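*Asks:* File follows, my_file-v6.cif with mmCIF, N, CA and C atoms:
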```
data_query
#
loop_
_atom_site.label_atom_id
_atom_site.label_comp_id
_atom_site.auth_asym_id
_atom_site.auth_seq_id
_atom_site.Cartn_x
_atom_site.Cartn_y
_atom_site.Cartn_z
N MET A 1 14.42 18.00 16.25
CA MET A 1 13.65 17.32 17.26
C MET A 1 13.18 15.98 16.73
N THR A 2 13.24 14.97 17.52
CA THR A 2 12.78 13.66 17.07
C THR A 2 11.28 13.55 17.24
N THR A 3 10.71 12.55 16.61
CA THR A 3 9.27 12.34 16.69
C THR A 3 8.84 12.07 18.12
N ALA A 4 9.67 11.38 18.89
CA ALA A 4 9.30 11.02 20.25
C ALA A 4 9.21 12.24 21.15
N THR A 5 10.01 13.29 20.89
CA THR A 5 10.00 14.45 21.77
C THR A 5 9.15 15.60 21.24
N ARG A 6 8.70 15.50 20.01
CA ARG A 6 7.89 16.56 19.44
C ARG A 6 6.50 16.56 20.09
N PRO A 7 6.01 17.72 20.50
CA PRO A 7 4.68 17.76 21.11
C PRO A 7 3.60 17.42 20.09
N ALA A 8 2.55 16.80 20.54
CA ALA A 8 1.44 16.41 19.67
C ALA A 8 0.50 17.60 19.52
N THR A 9 0.79 18.47 18.56
CA THR A 9 -0.06 19.61 18.29
C THR A 9 -0.84 19.35 17.01
N ALA A 10 -1.78 20.21 16.76
CA ALA A 10 -2.61 20.05 15.57
C ALA A 10 -1.79 20.22 14.29
N SER A 11 -0.71 21.02 14.35
CA SER A 11 0.07 21.25 13.15
C SER A 11 1.16 20.20 12.94
N ALA A 12 1.41 19.37 13.94
CA ALA A 12 2.45 18.34 13.82
C ALA A 12 2.01 17.28 12.82
N LEU A 13 3.00 16.78 12.08
CA LEU A 13 2.70 15.70 11.14
C LEU A 13 2.31 14.44 11.92
N PRO A 14 1.36 13.69 11.40
CA PRO A 14 0.99 12.45 12.09
C PRO A 14 2.11 11.43 11.98
N SER A 15 2.14 10.52 12.92
CA SER A 15 3.14 9.46 12.90
C SER A 15 2.91 8.56 11.69
N VAL A 16 3.91 7.78 11.38
CA VAL A 16 3.78 6.84 10.27
C VAL A 16 2.64 5.85 10.54
N HIS A 17 2.43 5.53 11.79
CA HIS A 17 1.35 4.60 12.15
C HIS A 17 -0.02 5.24 11.91
N MET A 18 -0.16 6.51 12.25
CA MET A 18 -1.43 7.21 12.01
C MET A 18 -1.67 7.36 10.52
N ARG A 19 -0.62 7.69 9.76
CA ARG A 19 -0.78 7.80 8.30
C ARG A 19 -1.17 6.46 7.69
N ALA A 20 -0.57 5.38 8.19
CA ALA A 20 -0.93 4.05 7.69
C ALA A 20 -2.39 3.73 8.00
N LEU A 21 -2.83 4.07 9.20
CA LEU A 21 -4.23 3.81 9.58
C LEU A 21 -5.19 4.62 8.70
N LEU A 22 -4.89 5.90 8.53
CA LEU A 22 -5.76 6.74 7.69
C LEU A 22 -5.77 6.27 6.24
N THR A 23 -4.62 5.84 5.74
CA THR A 23 -4.56 5.32 4.38
C THR A 23 -5.36 4.03 4.26
N TRP A 24 -5.23 3.16 5.25
CA TRP A 24 -6.00 1.90 5.24
C TRP A 24 -7.50 2.19 5.23
N ILE A 25 -7.94 3.11 6.06
CA ILE A 25 -9.37 3.48 6.11
C ILE A 25 -9.82 3.99 4.75
N ALA A 26 -9.02 4.85 4.14
CA ALA A 26 -9.38 5.42 2.84
C ALA A 26 -9.41 4.36 1.75
N VAL A 27 -8.41 3.48 1.73
CA VAL A 27 -8.36 2.42 0.71
C VAL A 27 -9.53 1.46 0.88
N PHE A 28 -9.81 1.07 2.11
CA PHE A 28 -10.92 0.15 2.37
C PHE A 28 -12.24 0.76 1.89
N ALA A 29 -12.48 2.01 2.26
CA ALA A 29 -13.73 2.67 1.87
C ALA A 29 -13.83 2.81 0.36
N ALA A 30 -12.74 3.24 -0.27
CA ALA A 30 -12.76 3.44 -1.72
C ALA A 30 -12.94 2.12 -2.47
N LEU A 31 -12.23 1.09 -2.04
CA LEU A 31 -12.39 -0.21 -2.71
C LEU A 31 -13.80 -0.75 -2.57
N THR A 32 -14.38 -0.58 -1.40
CA THR A 32 -15.75 -1.06 -1.17
C THR A 32 -16.72 -0.35 -2.10
N VAL A 33 -16.62 0.97 -2.17
CA VAL A 33 -17.54 1.74 -3.01
C VAL A 33 -17.34 1.41 -4.48
N VAL A 34 -16.08 1.36 -4.92
CA VAL A 34 -15.81 1.08 -6.33
C VAL A 34 -16.26 -0.33 -6.70
N GLN A 35 -16.03 -1.30 -5.82
CA GLN A 35 -16.48 -2.67 -6.10
C GLN A 35 -18.00 -2.72 -6.24
N LEU A 36 -18.70 -1.97 -5.38
CA LEU A 36 -20.16 -1.97 -5.46
C LEU A 36 -20.66 -1.29 -6.73
N LEU A 37 -20.01 -0.18 -7.11
CA LEU A 37 -20.48 0.58 -8.26
C LEU A 37 -19.98 0.05 -9.60
N VAL A 38 -18.72 -0.36 -9.66
CA VAL A 38 -18.10 -0.74 -10.93
C VAL A 38 -18.01 -2.26 -11.08
N GLY A 39 -17.99 -2.97 -9.97
CA GLY A 39 -17.83 -4.42 -9.99
C GLY A 39 -18.71 -5.15 -10.99
N PRO A 40 -20.00 -4.87 -11.01
CA PRO A 40 -20.87 -5.58 -11.96
C PRO A 40 -20.49 -5.35 -13.43
N TYR A 41 -19.91 -4.20 -13.73
CA TYR A 41 -19.56 -3.88 -15.11
C TYR A 41 -18.25 -4.53 -15.56
N VAL A 42 -17.38 -4.85 -14.59
CA VAL A 42 -16.07 -5.39 -14.94
C VAL A 42 -15.91 -6.85 -14.55
N LYS A 43 -16.99 -7.47 -14.08
CA LYS A 43 -16.84 -8.85 -13.59
C LYS A 43 -16.49 -9.84 -14.70
N GLY A 44 -16.78 -9.52 -15.93
CA GLY A 44 -16.42 -10.40 -17.03
C GLY A 44 -15.02 -10.16 -17.57
N PHE A 45 -14.36 -9.11 -17.10
CA PHE A 45 -13.01 -8.78 -17.56
C PHE A 45 -12.01 -9.79 -17.01
N PRO A 46 -10.89 -9.99 -17.68
CA PRO A 46 -9.81 -10.79 -17.08
C PRO A 46 -9.33 -10.11 -15.79
N MET A 47 -8.84 -10.91 -14.85
CA MET A 47 -8.49 -10.40 -13.53
C MET A 47 -7.54 -9.20 -13.59
N LEU A 48 -6.50 -9.26 -14.41
CA LEU A 48 -5.55 -8.15 -14.46
C LEU A 48 -6.19 -6.87 -14.98
N LEU A 49 -7.05 -6.97 -15.97
CA LEU A 49 -7.73 -5.79 -16.49
C LEU A 49 -8.71 -5.24 -15.46
N ARG A 50 -9.43 -6.13 -14.78
CA ARG A 50 -10.36 -5.72 -13.72
C ARG A 50 -9.60 -4.98 -12.61
N THR A 51 -8.44 -5.53 -12.22
CA THR A 51 -7.62 -4.90 -11.18
C THR A 51 -7.10 -3.55 -11.66
N LEU A 52 -6.68 -3.46 -12.91
CA LEU A 52 -6.20 -2.20 -13.47
C LEU A 52 -7.29 -1.13 -13.43
N VAL A 53 -8.50 -1.49 -13.82
CA VAL A 53 -9.60 -0.53 -13.83
C VAL A 53 -9.92 -0.07 -12.41
N ILE A 54 -10.03 -1.02 -11.51
CA ILE A 54 -10.41 -0.67 -10.14
C ILE A 54 -9.33 0.16 -9.45
N THR A 55 -8.07 -0.24 -9.59
CA THR A 55 -7.01 0.54 -8.96
C THR A 55 -6.83 1.90 -9.65
N GLY A 56 -7.14 1.96 -10.94
CA GLY A 56 -7.09 3.23 -11.65
C GLY A 56 -8.09 4.24 -11.12
N LEU A 57 -9.17 3.76 -10.55
CA LEU A 57 -10.16 4.63 -9.92
C LEU A 57 -9.84 4.89 -8.44
N VAL A 58 -9.40 3.85 -7.74
CA VAL A 58 -9.21 3.94 -6.30
C VAL A 58 -7.97 4.76 -5.92
N VAL A 59 -6.85 4.52 -6.57
CA VAL A 59 -5.60 5.17 -6.16
C VAL A 59 -5.69 6.70 -6.27
N PRO A 60 -6.14 7.27 -7.37
CA PRO A 60 -6.26 8.73 -7.39
C PRO A 60 -7.26 9.26 -6.35
N ALA A 61 -8.35 8.56 -6.16
CA ALA A 61 -9.33 9.00 -5.15
C ALA A 61 -8.71 9.03 -3.76
N VAL A 62 -7.95 8.00 -3.44
CA VAL A 62 -7.32 7.92 -2.12
C VAL A 62 -6.25 8.98 -1.96
N VAL A 63 -5.37 9.10 -2.95
CA VAL A 63 -4.20 9.99 -2.84
C VAL A 63 -4.61 11.46 -2.87
N TYR A 64 -5.52 11.82 -3.77
CA TYR A 64 -5.83 13.24 -3.97
C TYR A 64 -7.04 13.73 -3.18
N THR A 65 -7.89 12.83 -2.70
CA THR A 65 -9.11 13.27 -2.03
C THR A 65 -9.25 12.72 -0.61
N LEU A 66 -9.27 11.41 -0.49
CA LEU A 66 -9.64 10.81 0.80
C LEU A 66 -8.60 11.04 1.89
N VAL A 67 -7.34 10.71 1.64
CA VAL A 67 -6.32 10.87 2.68
C VAL A 67 -6.14 12.35 3.06
N PRO A 68 -6.04 13.28 2.11
CA PRO A 68 -5.94 14.69 2.53
C PRO A 68 -7.12 15.15 3.38
N ASN A 69 -8.32 14.70 3.03
CA ASN A 69 -9.48 15.09 3.83
C ASN A 69 -9.47 14.43 5.20
N LEU A 70 -9.03 13.19 5.29
CA LEU A 70 -8.90 12.55 6.59
C LEU A 70 -7.85 13.26 7.45
N LEU A 71 -6.77 13.72 6.85
CA LEU A 71 -5.77 14.48 7.59
C LEU A 71 -6.34 15.81 8.09
N LYS A 72 -7.18 16.46 7.29
CA LYS A 72 -7.83 17.70 7.72
C LYS A 72 -8.77 17.44 8.89
N VAL A 73 -9.51 16.35 8.83
CA VAL A 73 -10.41 15.99 9.94
C VAL A 73 -9.60 15.73 11.19
N ARG A 74 -8.49 15.01 11.04
CA ARG A 74 -7.62 14.73 12.19
C ARG A 74 -7.11 16.03 12.82
N THR A 75 -6.67 16.97 11.97
CA THR A 75 -6.18 18.25 12.47
C THR A 75 -7.28 19.01 13.21
N ALA A 76 -8.48 19.02 12.65
CA ALA A 76 -9.59 19.70 13.30
C ALA A 76 -9.92 19.08 14.66
N VAL A 77 -9.88 17.77 14.72
CA VAL A 77 -10.16 17.09 16.00
C VAL A 77 -9.09 17.43 17.02
N LEU A 78 -7.82 17.41 16.61
CA LEU A 78 -6.74 17.75 17.54
C LEU A 78 -6.84 19.19 18.00
N ARG A 79 -7.19 20.11 17.12
CA ARG A 79 -7.35 21.51 17.51
C ARG A 79 -8.49 21.66 18.51
N ARG A 80 -9.58 20.98 18.25
CA ARG A 80 -10.73 21.06 19.15
C ARG A 80 -10.37 20.51 20.52
N ARG A 81 -9.62 19.40 20.55
CA ARG A 81 -9.19 18.83 21.84
C ARG A 81 -8.25 19.78 22.58
N ALA A 82 -7.34 20.42 21.82
CA ALA A 82 -6.36 21.31 22.44
C ALA A 82 -7.02 22.56 23.03
N SER A 83 -8.09 23.03 22.39
CA SER A 83 -8.76 24.24 22.89
C SER A 83 -9.76 23.95 23.98
N ALA A 84 -10.13 22.69 24.15
CA ALA A 84 -11.12 22.35 25.18
C ALA A 84 -10.50 22.19 26.55
#
```
Would you encode the structure as structure tokens?

*Replies:*
Amino acid sequence: MTTATRPATASALPSVHMRALLTWIAVFAALTVVQLLVGPYVKGFPMLLRTLVITGLVVPAVVYTLVPNLLKVRTAVLRRRASA
């Protein structure tokens, strides 16, 4: 079945556009928090080292925590809508 004909159920995988949106939300939130918390400590570092430190914190947080939790929230919302 193609994506266009697949019914939008809670168990269906989100579209590439929805995954991109959820990833963007997670990256934006994580970068903002890390910049606020770690930024003052790394502001004297060279740019590449500063970027390495910040992305070293943000990427695992986004991949292993934020995006999976956003997908769970999305599934819960879709289930609630389907049962209502």

*Asks:* Pull the neighbourhood of (-11.1, 5.7, -1.6) for me: all residues within 5 Å in file coordinates, counting all atoms listed in the file, as a list in words.

*Replies:*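 Counting all atoms listed in the file, I find these residues within 5 Å of (-11.1, 5.7, -1.6): Ala26, Val27, Ala29, Ala30, Leu31, Ala61 and Val62 of chain A.
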
*Asks:* Can you measure atom C of Val77 in chain A to atom C of Val16 in chain A for me? One decimal in Å is fine.

*Replies:*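 Pair atom C of Val77 in chain A / atom C of Val16 in chain A returns 17.7 Å.
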
*Asks:* Interatomic distance between CA of Val33 in chain A and CA of Pro14 in chain A?

*Replies:*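 Distance reported for this atom pair: 26.2 Å.
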
*Asks:* Go ahead and compute the interatomic distance for CA of Phe28 in chain A and CA of Val58 in chain A, in Å to one decimal.

*Replies:*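 So the two atoms, CA of Phe28 in chain A and CA of Val58 in chain A, lie 9.6 Å apart.
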
*Asks:* Residues of chain A classed as alpha helix (DSSP H) by DSSP on the backbone are to be reported as a PyMOL selection string.

*Replies:* chain A and resi 16-42+47-61+67-83

*Asks:* Report as AutoDock Vina command-line options the centre and the edge lengths, in Å to one decimal, of the axis-aligned box holding every listed atom of range 26-43 of chain A, padded by 4 Å on each side.

*Replies:*
```
--center_x -14.6 --center_y -2.2 --center_z -5.7 --size_x 20.5 --size_y 23.3 --size_z 27.7
```

*Asks:* To test your reading of the syntax: which residues would the PyMOL selection byres (((chain A and resi 23 and name CA) around 10) and name CA) return for the file shown? Reply as a list in words.

*Replies:*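 In the shown coordinates, the PyMOL selection byres (((chain A and resi 23 and name CA) around 10) and name CA) covers His17, Met18, Arg19, Ala20, Leu21, Leu22, Trp24, Ile25, Ala26, Val27, Phe28, Ala29, Val62, Val63, Leu66, Val67, Pro68, Leu70 and Leu71 of chain A.
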